[in-house]
>>> print(open('target_24.csv').read())   # CSV, C-alpha atoms
chain,number,residue,atom,x,y,z
X,300,MET,CA,-29.2,79.2,62.2
X,301,ALA,CA,-32.3,78.0,64.0
X,302,LEU,CA,-35.9,78.9,63.9
X,303,HIS,CA,-37.7,79.1,67.2
X,304,PHE,CA,-40.9,77.1,66.8
X,305,GLU,CA,-43.8,76.9,69.2
X,306,LEU,CA,-46.9,74.8,68.9
X,307,VAL,CA,-49.6,75.7,71.3
X,308,THR,CA,-53.0,74.0,71.9
X,309,PRO,CA,-55.6,75.2,74.4
X,310,GLU,CA,-54.7,72.4,76.7
X,311,ARG,CA,-50.9,73.0,76.8
X,312,LEU,CA,-47.8,74.2,75.1
X,313,VAL,CA,-47.0,71.2,72.9
X,314,LEU,CA,-43.7,72.1,71.5
X,315,SER,CA,-41.1,74.8,72.0
X,316,GLU,CA,-37.8,74.2,70.4
X,317,GLU,CA,-35.2,75.3,67.9
X,318,VAL,CA,-35.6,73.8,64.5
X,319,HIS,CA,-34.3,74.2,61.0
X,320,MET,CA,-37.6,74.6,59.1
X,321,VAL,CA,-41.3,74.1,59.5
X,322,VAL,CA,-43.7,73.5,56.6
X,323,VAL,CA,-47.2,74.8,57.5
X,324,PRO,CA,-50.3,73.8,55.6
X,325,GLY,CA,-51.8,77.3,55.1
X,326,THR,CA,-55.3,77.8,53.9
X,327,GLU,CA,-53.9,79.3,50.6
X,328,GLY,CA,-51.2,76.8,50.2
X,329,GLU,CA,-48.3,75.2,52.1
X,330,PHE,CA,-45.5,77.5,53.1
X,331,GLY,CA,-42.1,76.8,54.7
X,332,VAL,CA,-40.7,79.0,57.4
X,333,LEU,CA,-36.9,79.3,57.9
X,334,GLU,CA,-35.1,81.5,60.3
X,335,GLY,CA,-35.4,85.2,59.4
X,336,HIS,CA,-38.8,84.9,57.7
X,337,ALA,CA,-40.7,88.2,57.2
X,338,PRO,CA,-43.5,88.8,59.6
X,339,PHE,CA,-46.5,86.9,58.4
X,340,MET,CA,-49.9,85.7,59.6
X,341,SER,CA,-52.0,83.0,58.1
X,342,THR,CA,-54.8,80.7,59.0
X,343,VAL,CA,-54.0,77.0,58.8
X,344,LYS,CA,-56.1,74.3,57.4
X,345,ASP,CA,-56.4,70.9,59.0
X,346,GLY,CA,-53.5,68.9,57.9
X,347,ALA,CA,-49.9,67.9,58.5
X,348,LEU,CA,-47.3,70.2,59.9
X,349,LYS,CA,-43.8,69.1,58.9
X,350,VAL,CA,-41.0,69.9,61.3
X,351,TYR,CA,-37.4,69.6,60.0
X,352,ALA,CA,-35.1,69.5,63.0
X,353,ARG,CA,-32.0,69.9,60.7
X,354,ASP,CA,-31.4,70.6,57.1
X,355,GLY,CA,-32.1,67.4,55.1
X,356,ALA,CA,-33.3,65.5,58.1
X,357,GLU,CA,-36.5,63.4,57.9
X,358,PRO,CA,-39.4,65.7,58.9
X,359,ARG,CA,-41.4,65.0,62.0
X,360,ILE,CA,-45.1,65.1,61.1
X,361,ILE,CA,-47.7,66.6,63.4
X,362,GLN,CA,-51.4,66.6,62.5
X,363,VAL,CA,-53.1,69.9,63.4
X,364,GLU,CA,-56.7,71.0,63.4
X,365,GLY,CA,-58.2,74.4,63.5
X,366,GLY,CA,-55.0,76.4,63.4
X,367,PHE,CA,-53.5,79.7,63.0
X,368,ALA,CA,-49.8,80.6,62.3
X,369,GLU,CA,-47.9,83.7,63.2
X,370,VAL,CA,-44.3,84.5,62.1
X,371,SER,CA,-42.7,87.3,64.0
X,372,GLU,CA,-39.1,88.3,64.8
X,373,THR,CA,-39.2,85.9,67.7
X,374,GLY,CA,-40.0,82.9,65.5
X,375,LEU,CA,-43.0,80.9,64.4
X,376,THR,CA,-46.0,80.2,66.6
X,377,VAL,CA,-48.7,77.8,65.6
X,378,LEU,CA,-51.9,77.9,67.5
X,379,ALA,CA,-54.0,74.8,66.9
X,380,GLU,CA,-57.1,73.5,68.5
X,381,LYS,CA,-55.9,70.0,68.3
X,382,ALA,CA,-52.4,68.6,67.6
X,383,ALA,CA,-51.3,65.0,67.5
C,169,MET,CA,-80.8,65.4,129.6
C,170,ALA,CA,-80.6,63.1,126.6
C,171,SER,CA,-80.3,59.4,127.3
C,172,LEU,CA,-77.0,57.5,127.0
C,173,LYS,CA,-78.2,55.6,124.0
C,174,GLU,CA,-79.4,58.8,122.2
C,175,LEU,CA,-76.0,60.4,122.8
C,176,LYS,CA,-74.2,57.4,121.5
C,177,GLY,CA,-76.2,57.5,118.4
C,178,ARG,CA,-75.5,61.2,117.8
C,179,ILE,CA,-71.8,60.7,118.3
C,180,ALA,CA,-71.8,57.9,115.8
C,181,SER,CA,-73.7,59.9,113.3
C,182,VAL,CA,-71.4,63.0,113.6
C,183,LYS,CA,-68.4,60.7,113.3
C,184,SER,CA,-69.6,59.3,110.0
C,185,THR,CA,-70.4,62.8,108.7
C,186,GLN,CA,-66.8,63.7,109.6
C,187,LYS,CA,-65.5,60.8,107.7
C,188,ILE,CA,-67.4,62.0,104.6
C,189,THR,CA,-66.2,65.6,104.9
C,190,LYS,CA,-62.6,64.5,105.5
C,191,ALA,CA,-62.7,62.2,102.4
C,192,LYS,CA,-64.2,65.0,100.3
C,193,GLN,CA,-61.5,67.4,101.5
C,194,MET,CA,-58.7,65.1,100.5
C,195,VAL,CA,-60.3,64.4,97.1
C,196,ALA,CA,-60.7,68.1,96.6
C,197,ALA,CA,-57.0,68.7,97.5
C,198,ALA,CA,-55.8,66.2,95.0
C,199,LYS,CA,-58.2,67.5,92.3
C,200,LEU,CA,-57.2,71.1,93.0
C,201,ARG,CA,-53.6,70.4,92.1
C,202,LYS,CA,-54.7,68.9,88.8
C,203,ALA,CA,-57.2,71.6,88.0
C,204,GLN,CA,-54.6,74.3,88.8
C,205,ALA,CA,-52.1,72.7,86.5
C,206,ALA,CA,-54.6,72.5,83.7
C,207,ALA,CA,-55.5,76.2,84.2
C,208,GLU,CA,-51.8,77.1,84.0
C,209,ALA,CA,-51.2,74.9,80.9
C,210,ALA,CA,-54.0,76.7,79.1
C,211,ARG,CA,-52.6,80.1,79.7
C,212,PRO,CA,-50.1,80.4,76.8
C,213,TYR,CA,-52.7,79.8,74.1
C,214,GLY,CA,-55.1,82.3,75.5
C,215,GLN,CA,-52.4,84.9,75.9
C,216,ARG,CA,-51.1,84.5,72.3
C,217,LEU,CA,-54.5,84.5,70.8
C,218,GLU,CA,-55.5,87.6,72.8
C,219,LYS,CA,-52.4,89.4,71.5
C,220,VAL,CA,-53.1,88.5,67.9
C,221,VAL,CA,-56.7,89.5,68.2
C,222,ALA,CA,-55.9,92.8,69.8
C,223,SER,CA,-53.3,93.7,67.2
C,224,LEU,CA,-55.7,92.7,64.3
C,225,ALA,CA,-58.7,94.4,65.9
C,226,GLY,CA,-56.8,97.7,65.9
C,227,LYS,CA,-56.4,97.4,62.1
C,228,VAL,CA,-59.9,96.3,61.1
C,229,THR,CA,-62.4,99.0,62.0
C,230,GLY,CA,-65.4,100.6,60.5
C,231,ASP,CA,-67.9,98.7,58.3
C,232,ASN,CA,-65.5,95.9,57.6
C,233,ALA,CA,-65.3,94.8,61.2
C,234,PRO,CA,-67.0,91.4,61.8
C,235,ARG,CA,-70.1,91.5,63.9
C,236,LEU,CA,-68.6,89.6,66.7
C,237,LEU,CA,-66.2,92.5,67.2
C,238,ALA,CA,-68.4,95.4,66.4
C,239,GLY,CA,-71.6,94.1,67.9
C,240,THR,CA,-75.1,94.6,66.6
C,241,GLY,CA,-75.0,98.3,67.2
C,242,LYS,CA,-77.7,97.9,69.9
C,243,ASP,CA,-77.5,97.4,73.6
C,244,ASP,CA,-81.0,96.1,74.4
C,245,VAL,CA,-80.9,92.4,75.0
C,246,HIS,CA,-78.3,91.0,77.3
C,247,MET,CA,-77.4,87.4,77.6
C,248,LEU,CA,-76.0,86.3,80.9
C,249,VAL,CA,-73.9,83.1,80.6
C,250,VAL,CA,-73.6,81.7,84.0
C,251,ALA,CA,-71.0,78.9,84.5
C,252,ASN,CA,-71.6,76.8,87.6
C,253,GLY,CA,-70.4,73.5,88.9
C,254,ASP,CA,-72.5,70.3,88.9
C,255,LYS,CA,-71.9,69.2,92.4
C,256,GLY,CA,-72.4,70.7,95.9
C,257,LEU,CA,-70.3,70.4,99.0
C,258,SER,CA,-68.2,73.3,97.8
C,259,GLY,CA,-69.1,76.0,100.2
C,260,ALA,CA,-70.4,79.2,98.7
C,261,PHE,CA,-68.8,78.6,95.3
C,262,ASN,CA,-72.0,78.2,93.3
C,263,ALA,CA,-74.0,80.6,95.3
C,264,ASN,CA,-71.4,83.4,94.8
C,265,ILE,CA,-71.5,83.1,91.0
C,266,VAL,CA,-75.3,83.0,90.9
C,267,LYS,CA,-75.4,86.0,93.3
C,268,ALA,CA,-73.1,88.1,91.0
C,269,ALA,CA,-75.3,87.2,88.0
C,270,ILE,CA,-78.5,88.1,89.8
C,271,VAL,CA,-77.1,91.5,90.9
C,272,LYS,CA,-76.1,92.2,87.3
C,273,ALA,CA,-79.5,91.0,86.0
C,274,ARG,CA,-81.4,93.3,88.4
C,275,MET,CA,-79.2,96.2,87.4
C,276,LEU,CA,-79.9,95.6,83.7
C,277,ILE,CA,-83.6,95.2,84.2
C,278,ALA,CA,-83.7,98.4,86.2
C,279,GLN,CA,-82.1,100.1,83.2
C,280,GLY,CA,-84.9,98.8,81.0
C,281,LYS,CA,-82.9,96.1,79.2
C,282,THR,CA,-84.1,92.7,78.4
C,283,VAL,CA,-82.2,89.9,80.2
C,284,LYS,CA,-81.8,86.3,79.1
C,285,PHE,CA,-79.9,83.5,80.9
C,286,TYR,CA,-77.8,80.7,79.5
C,287,LEU,CA,-76.7,78.3,82.1
C,288,ILE,CA,-73.7,75.9,82.2
C,289,GLY,CA,-73.7,73.3,84.8
C,290,ARG,CA,-76.5,72.0,87.0
C,291,LYS,CA,-76.1,74.1,90.1
C,292,GLY,CA,-77.7,77.5,90.3
C,293,ARG,CA,-80.4,76.6,87.8
C,294,ALA,CA,-83.1,76.4,90.5
C,295,VAL,CA,-82.3,79.7,92.1
C,296,ILE,CA,-82.2,81.6,88.8
C,297,ALA,CA,-85.4,79.9,87.6
C,298,ARG,CA,-87.1,81.0,90.8
C,299,THR,CA,-85.8,84.5,90.8
C,300,PHE,CA,-86.3,85.2,87.1
C,301,PRO,CA,-89.0,82.8,85.8
C,302,GLY,CA,-89.0,82.2,82.1
C,303,LEU,CA,-85.8,84.0,81.3
C,304,ILE,CA,-83.6,80.9,80.9
C,305,VAL,CA,-83.3,80.4,77.2
C,306,GLY,CA,-80.7,77.8,77.1
C,307,GLU,CA,-78.5,75.6,79.1
C,308,TYR,CA,-75.6,73.3,78.6
C,309,ASP,CA,-75.4,70.1,80.6
C,310,THR,CA,-71.9,69.2,81.8
C,311,THR,CA,-73.0,66.3,84.1
C,312,ALA,CA,-72.1,63.7,81.5
C,313,VAL,CA,-68.4,64.6,81.5
C,314,ARG,CA,-66.1,64.4,84.4
C,315,THR,CA,-64.0,67.4,83.6
C,316,PRO,CA,-65.4,69.9,81.1
C,317,GLY,CA,-62.7,70.4,78.5
C,318,PHE,CA,-62.1,72.2,75.2
C,319,ASP,CA,-64.8,70.2,73.3
C,320,GLU,CA,-67.5,71.3,75.7
C,321,ALA,CA,-66.2,74.9,75.6
C,322,SER,CA,-66.3,74.7,71.8
C,323,ALA,CA,-69.9,73.4,71.8
C,324,ILE,CA,-71.1,76.1,74.1
C,325,ALA,CA,-69.3,78.8,72.1
C,326,HIS,CA,-71.0,77.5,68.9
C,327,ASP,CA,-74.4,77.5,70.5
C,328,ILE,CA,-74.0,81.0,71.9
C,329,SER,CA,-72.6,82.5,68.6
C,330,ALA,CA,-75.4,80.9,66.7
C,331,ARG,CA,-77.9,82.6,69.0
C,332,PHE,CA,-76.0,85.9,68.5
C,333,PHE,CA,-76.2,85.6,64.7
C,334,ALA,CA,-79.9,84.7,64.9
C,335,GLY,CA,-80.4,88.0,66.7
C,336,GLU,CA,-81.4,86.6,70.0
C,337,PHE,CA,-79.3,89.1,71.9
C,338,ASP,CA,-76.9,92.0,71.5
C,339,VAL,CA,-74.4,91.6,74.4
C,340,ALA,CA,-73.2,88.5,76.2
C,341,HIS,CA,-71.7,88.5,79.6
C,342,LEU,CA,-70.0,85.5,81.1
C,343,PHE,CA,-70.0,84.8,84.9
C,344,TYR,CA,-67.5,82.4,86.5
C,345,SER,CA,-65.3,82.2,89.5
C,346,ALA,CA,-61.7,83.3,89.0
C,347,PHE,CA,-59.3,81.2,91.0
C,348,LYS,CA,-56.9,83.2,93.3
C,349,SER,CA,-56.1,80.6,95.9
C,350,ALA,CA,-57.7,77.8,97.8
C,351,LEU,CA,-59.0,80.4,100.2
C,352,ALA,CA,-60.1,83.0,97.7
C,353,GLN,CA,-62.3,82.6,94.6
C,354,ILE,CA,-63.6,85.7,93.0
C,355,PRO,CA,-66.9,85.7,91.1
C,356,THR,CA,-66.0,87.4,87.9
C,357,GLU,CA,-68.0,89.0,85.1
C,358,GLN,CA,-66.6,89.3,81.6
C,359,GLN,CA,-68.1,90.5,78.4
C,360,ILE,CA,-67.6,87.9,75.6
C,361,ILE,CA,-69.7,89.3,72.8
C,362,PRO,CA,-68.9,91.8,71.3
C,363,VAL,CA,-65.3,90.8,71.9
C,364,ALA,CA,-63.8,93.2,74.4
C,365,VAL,CA,-60.4,94.3,73.1
C,366,PRO,CA,-57.9,95.1,75.8
C,367,ALA,CA,-57.2,98.8,75.9
C,368,ASP,CA,-53.5,98.3,76.2
C,369,ALA,CA,-53.2,96.6,72.9
C,370,PRO,CA,-49.6,96.1,72.0
C,371,ALA,CA,-48.4,98.5,69.3
C,372,SER,CA,-47.6,96.4,66.3
C,373,SER,CA,-43.9,96.1,65.7
C,374,GLY,CA,-42.6,98.4,63.0
C,375,ALA,CA,-42.2,95.7,60.4
C,376,ALA,CA,-45.1,95.3,57.9
C,377,VAL,CA,-46.9,92.0,58.5
C,378,GLU,CA,-48.2,90.1,55.6
C,379,TYR,CA,-51.6,88.4,55.9
C,380,GLU,CA,-52.9,85.4,54.2
C,381,PRO,CA,-55.8,85.6,53.5
C,382,ASP,CA,-56.6,89.3,54.4
C,383,GLU,CA,-56.9,90.7,57.8
C,384,GLU,CA,-60.7,90.6,57.8
C,385,SER,CA,-60.8,86.9,57.0
C,386,ILE,CA,-58.3,86.0,59.6
C,387,LEU,CA,-60.1,88.1,62.2
C,388,ALA,CA,-63.4,86.5,61.3
C,389,ASP,CA,-61.8,83.1,61.8
C,390,LEU,CA,-60.1,84.0,65.0
C,391,LEU,CA,-63.0,85.7,66.8
C,392,PRO,CA,-65.2,82.6,67.3
C,393,ARG,CA,-62.1,80.8,68.5
C,394,ASN,CA,-61.5,83.6,70.9
C,395,ILE,CA,-64.9,83.1,72.4
C,396,THR,CA,-64.3,79.4,72.7
C,397,ILE,CA,-61.0,80.0,74.5
C,398,GLN,CA,-62.6,82.5,76.9
C,399,LEU,CA,-65.2,79.9,77.8
C,400,PHE,CA,-62.6,77.2,78.1
C,401,LYS,CA,-60.6,79.5,80.4
C,402,ALA,CA,-63.7,80.1,82.5
C,403,LEU,CA,-64.4,76.4,82.8
C,404,LEU,CA,-60.9,75.7,83.9
C,405,GLU,CA,-60.9,78.5,86.4
C,406,ASN,CA,-64.3,77.4,87.7
C,407,MET,CA,-62.9,73.9,88.2
C,408,ALA,CA,-60.0,75.1,90.2
C,409,SER,CA,-62.2,77.4,92.2
C,410,GLU,CA,-64.7,74.7,92.9
C,411,GLN,CA,-62.1,72.4,94.2
C,412,GLY,CA,-60.5,75.1,96.2
C,413,ALA,CA,-63.8,76.2,97.7
C,414,SER,CA,-64.7,72.6,98.4
C,415,MET,CA,-61.4,72.0,100.1
C,416,THR,CA,-61.8,75.0,102.4
C,417,ALA,CA,-65.5,74.2,103.2
C,418,MET,CA,-64.8,70.6,103.9
C,419,ASP,CA,-61.8,71.5,106.1
C,420,ASN,CA,-64.1,73.7,108.2
C,421,ALA,CA,-66.8,71.0,108.3
C,422,THR,CA,-64.3,68.4,109.5
C,423,ARG,CA,-63.1,70.7,112.2
C,424,ASN,CA,-66.7,71.5,113.3
C,425,ALA,CA,-67.6,67.9,113.4
C,426,GLY,CA,-64.5,67.2,115.6
C,427,GLU,CA,-65.6,69.9,118.0
C,428,LEU,CA,-69.1,68.6,118.1
C,429,ILE,CA,-67.8,65.1,118.8
C,430,ASN,CA,-65.8,66.4,121.7
C,431,LYS,CA,-68.7,68.2,123.2
C,432,LEU,CA,-71.0,65.2,122.8
C,433,THR,CA,-68.4,62.9,124.3
C,434,ILE,CA,-68.1,65.0,127.4
C,435,GLU,CA,-71.9,65.1,127.7
C,436,TYR,CA,-72.0,61.4,127.3
C,437,ASN,CA,-69.4,60.8,130.0
C,438,ARG,CA,-71.2,63.1,132.4
C,439,SER,CA,-74.5,61.4,132.0
C,440,ARG,CA,-72.8,58.0,132.4
C,441,GLN,CA,-71.2,59.2,135.6
C,442,ALA,CA,-74.4,60.7,136.8
C,443,ALA,CA,-76.2,57.4,136.2
C,444,ILE,CA,-73.5,55.4,138.1
C,445,THR,CA,-73.7,57.9,141.0
C,446,THR,CA,-77.4,57.6,141.2
C,447,GLU,CA,-77.2,53.8,141.2
C,448,LEU,CA,-74.6,53.8,144.0
C,449,VAL,CA,-76.7,56.2,146.1
C,450,GLU,CA,-79.6,53.9,145.7
C,451,ILE,CA,-77.7,50.8,146.7
C,452,ILE,CA,-76.1,52.5,149.7
C,453,SER,CA,-79.3,53.9,151.0
C,454,GLY,CA,-81.0,50.5,150.5
C,455,ALA,CA,-78.2,48.8,152.5
C,456,GLU,CA,-78.5,51.4,155.3
C,457,ALA,CA,-82.2,50.9,155.5
C,458,LEU,CA,-81.7,47.3,156.4
>>> encode(input="target_24.csv", output="structure tokens")
Amino acid sequence: MALHFELVTPERLVLSEEVHMVVVPGTEGEFGVLEGHAPFMSTVKDGALKVYARDGAEPRIIQVEGGFAEVSETGLTVLAEKAA
Amino acid sequence: MASLKELKGRIASVKSTQKITKAKQMVAAAKLRKAQAAAEAARPYGQRLEKVVASLAGKVTGDNAPRLLAGTGKDDVHMLVVANGDKGLSGAFNANIVKAAIVKARMLIAQGKTVKFYLIGRKGRAVIARTFPGLIVGEYDTTAVRTPGFDEASAIAHDISARFFAGEFDVAHLFYSAFKSALAQIPTEQQIIPVAVPADAPASSGAAVEYEPDEESILADLLPRNITIQLFKALLENMASEQGASMTAMDNATRNAGELINKLTIEYNRSRQAAITTELVEIISGAEAL
């Protein structure tokens, strides 16, 4: 029960790990991605990405700028111009 | 034959040149490793973005397609974006890129197209300005930053897209040097506007993908980013190529300097020996005369 999550910036692959859930600040509202999410593509507005390593765990917050998210059968990929 | 003092001076001068080339070679070797790592680290983003753009571009066609993808419908004015380095001492690195751009420009002009230049980096400006006076419409100065990064690529991309939307040109080509190895850097031409979609676009997986907002908006958002990333990639490749070319050129220069020093040293020793022999002969014949 894990979602493969990758965060990529032009400079490098920031993160590539198995997590429980990621909440992404989409342009048309936040959305959470769990394992087995339907294929989905969305632009991401500048804001905080919340990464839940386990169910109920404290989220890890990553600020992203200029992003784009893609959910496919292999997991969630967030492309961001800046991540911190 | 040159005097002893002259030879000594030349040897000293070649030696100091050798010191410079050797230092530059070592610096380039160290920088090359870093530049190569940076180019590799940037690859995943470019690959993923390209995949997404390719799969979206297949879906959005016709009148809805954004202008960055479809182009202006004309093919008259070509913008050549030439990415060069800022520094010399790197062999034929800058010259090769400029040469490729000039060949392309000549070809386009022969076909009756209008050519404009947009230059990145300081090198190559003089040659292009001399060959095609008045055709340079813009340039981006990278001398202020030590290593051109994503912010620079983004600024350049904005400038170029703005010119595109202002109708300054129809097609943009990017010239840079692709890094193969420290020995081989290949001057490369790439069309950046309209965005060239790879022919072997991956067939979308069977599942229906949901888009938020719609495909057109996402594509319109991604295309400018794609141009930025292409420029960023070119800048990184250029950096690695520049260091590679520099390393090879400086290695050769160091070796040549070594050879020259050997030759001059032999000549110096010979002249010294000749001077001593002459002196001895003079003394001996003087003593005999007594």
>>> interface_residues(input="target_24.csv", of="chain X", to="chain C", cutoff="10 Å", atoms="all atoms listed in the file", output="number ranges by chain")
X: 306-313, 325-328, 337-343, 365-372, 376-381
>>> write_last_selection(input="target_24.csv", atoms="C-alpha atoms", output="PDB file, in the coordinates of the input")
ATOM      1  CA  LEU X 306     -46.900  74.800  68.900  1.00  0.00           C
ATOM      2  CA  VAL X 307     -49.600  75.700  71.300  1.00  0.00           C
ATOM      3  CA  THR X 308     -53.000  74.000  71.900  1.00  0.00           C
ATOM      4  CA  PRO X 309     -55.600  75.200  74.400  1.00  0.00           C
ATOM      5  CA  GLU X 310     -54.700  72.400  76.700  1.00  0.00           C
ATOM      6  CA  ARG X 311     -50.900  73.000  76.800  1.00  0.00           C
ATOM      7  CA  LEU X 312     -47.800  74.200  75.100  1.00  0.00           C
ATOM      8  CA  VAL X 313     -47.000  71.200  72.900  1.00  0.00           C
ATOM      9  CA  GLY X 325     -51.800  77.300  55.100  1.00  0.00           C
ATOM     10  CA  THR X 326     -55.300  77.800  53.900  1.00  0.00           C
ATOM     11  CA  GLU X 327     -53.900  79.300  50.600  1.00  0.00           C
ATOM     12  CA  GLY X 328     -51.200  76.800  50.200  1.00  0.00           C
ATOM     13  CA  ALA X 337     -40.700  88.200  57.200  1.00  0.00           C
ATOM     14  CA  PRO X 338     -43.500  88.800  59.600  1.00  0.00           C
ATOM     15  CA  PHE X 339     -46.500  86.900  58.400  1.00  0.00           C
ATOM     16  CA  MET X 340     -49.900  85.700  59.600  1.00  0.00           C
ATOM     17  CA  SER X 341     -52.000  83.000  58.100  1.00  0.00           C
ATOM     18  CA  THR X 342     -54.800  80.700  59.000  1.00  0.00           C
ATOM     19  CA  VAL X 343     -54.000  77.000  58.800  1.00  0.00           C
ATOM     20  CA  GLY X 365     -58.200  74.400  63.500  1.00  0.00           C
ATOM     21  CA  GLY X 366     -55.000  76.400  63.400  1.00  0.00           C
ATOM     22  CA  PHE X 367     -53.500  79.700  63.000  1.00  0.00           C
ATOM     23  CA  ALA X 368     -49.800  80.600  62.300  1.00  0.00           C
ATOM     24  CA  GLU X 369     -47.900  83.700  63.200  1.00  0.00           C
ATOM     25  CA  VAL X 370     -44.300  84.500  62.100  1.00  0.00           C
ATOM     26  CA  SER X 371     -42.700  87.300  64.000  1.00  0.00           C
ATOM     27  CA  GLU X 372     -39.100  88.300  64.800  1.00  0.00           C
ATOM     28  CA  THR X 376     -46.000  80.200  66.600  1.00  0.00           C
ATOM     29  CA  VAL X 377     -48.700  77.800  65.600  1.00  0.00           C
ATOM     30  CA  LEU X 378     -51.900  77.900  67.500  1.00  0.00           C
ATOM     31  CA  ALA X 379     -54.000  74.800  66.900  1.00  0.00           C
ATOM     32  CA  GLU X 380     -57.100  73.500  68.500  1.00  0.00           C
ATOM     33  CA  LYS X 381     -55.900  70.000  68.300  1.00  0.00           C
TER      34      LYS X 381
END
>>> residues_near_point(input="target_24.csv", point="(-37.5, 70.9, 63.7)", cutoff="8 Å", atoms="only C-alpha atoms", output="ChimeraX atom specification")
/X:304,316-321,350-353,358-359
>>> residues_around(input="target_24.csv", residues="C:Glu405", least_positions_apart="6", cutoff="10 Å", atoms="only C-alpha atoms", output="VMD selection string")
chain C and resid 203 to 204 206 to 208 344 to 348 353 399 411
>>> atom_distance(input="target_24.csv", atom1="atom CA of C:Lys202", atom2="atom CA of C:Ala263")
23.5 Å
>>> atom_distance(input="target_24.csv", atom1="atom CA of C:Pro355", atom2="atom CA of C:Thr185")
29.1 Å
>>> atom_distance(input="target_24.csv", atom1="atom CA of C:Asp244", atom2="atom CA of C:Leu276")
9.4 Å
>>> closest_residue(input="target_24.csv", among="C:Asp254, C:Glu174, C:Asp243, C:Glu450", to="C:Thr315", atoms="only C-alpha atoms")
C:Asp254
>>> residues_around(input="target_24.csv", residues="X:Val322", least_positions_apart="6", cutoff="7 Å", atoms="only C-alpha atoms", output="list in words")
Glu329, Phe330, Gly331, Val332, Leu348, Lys349 and Val350 of chain X
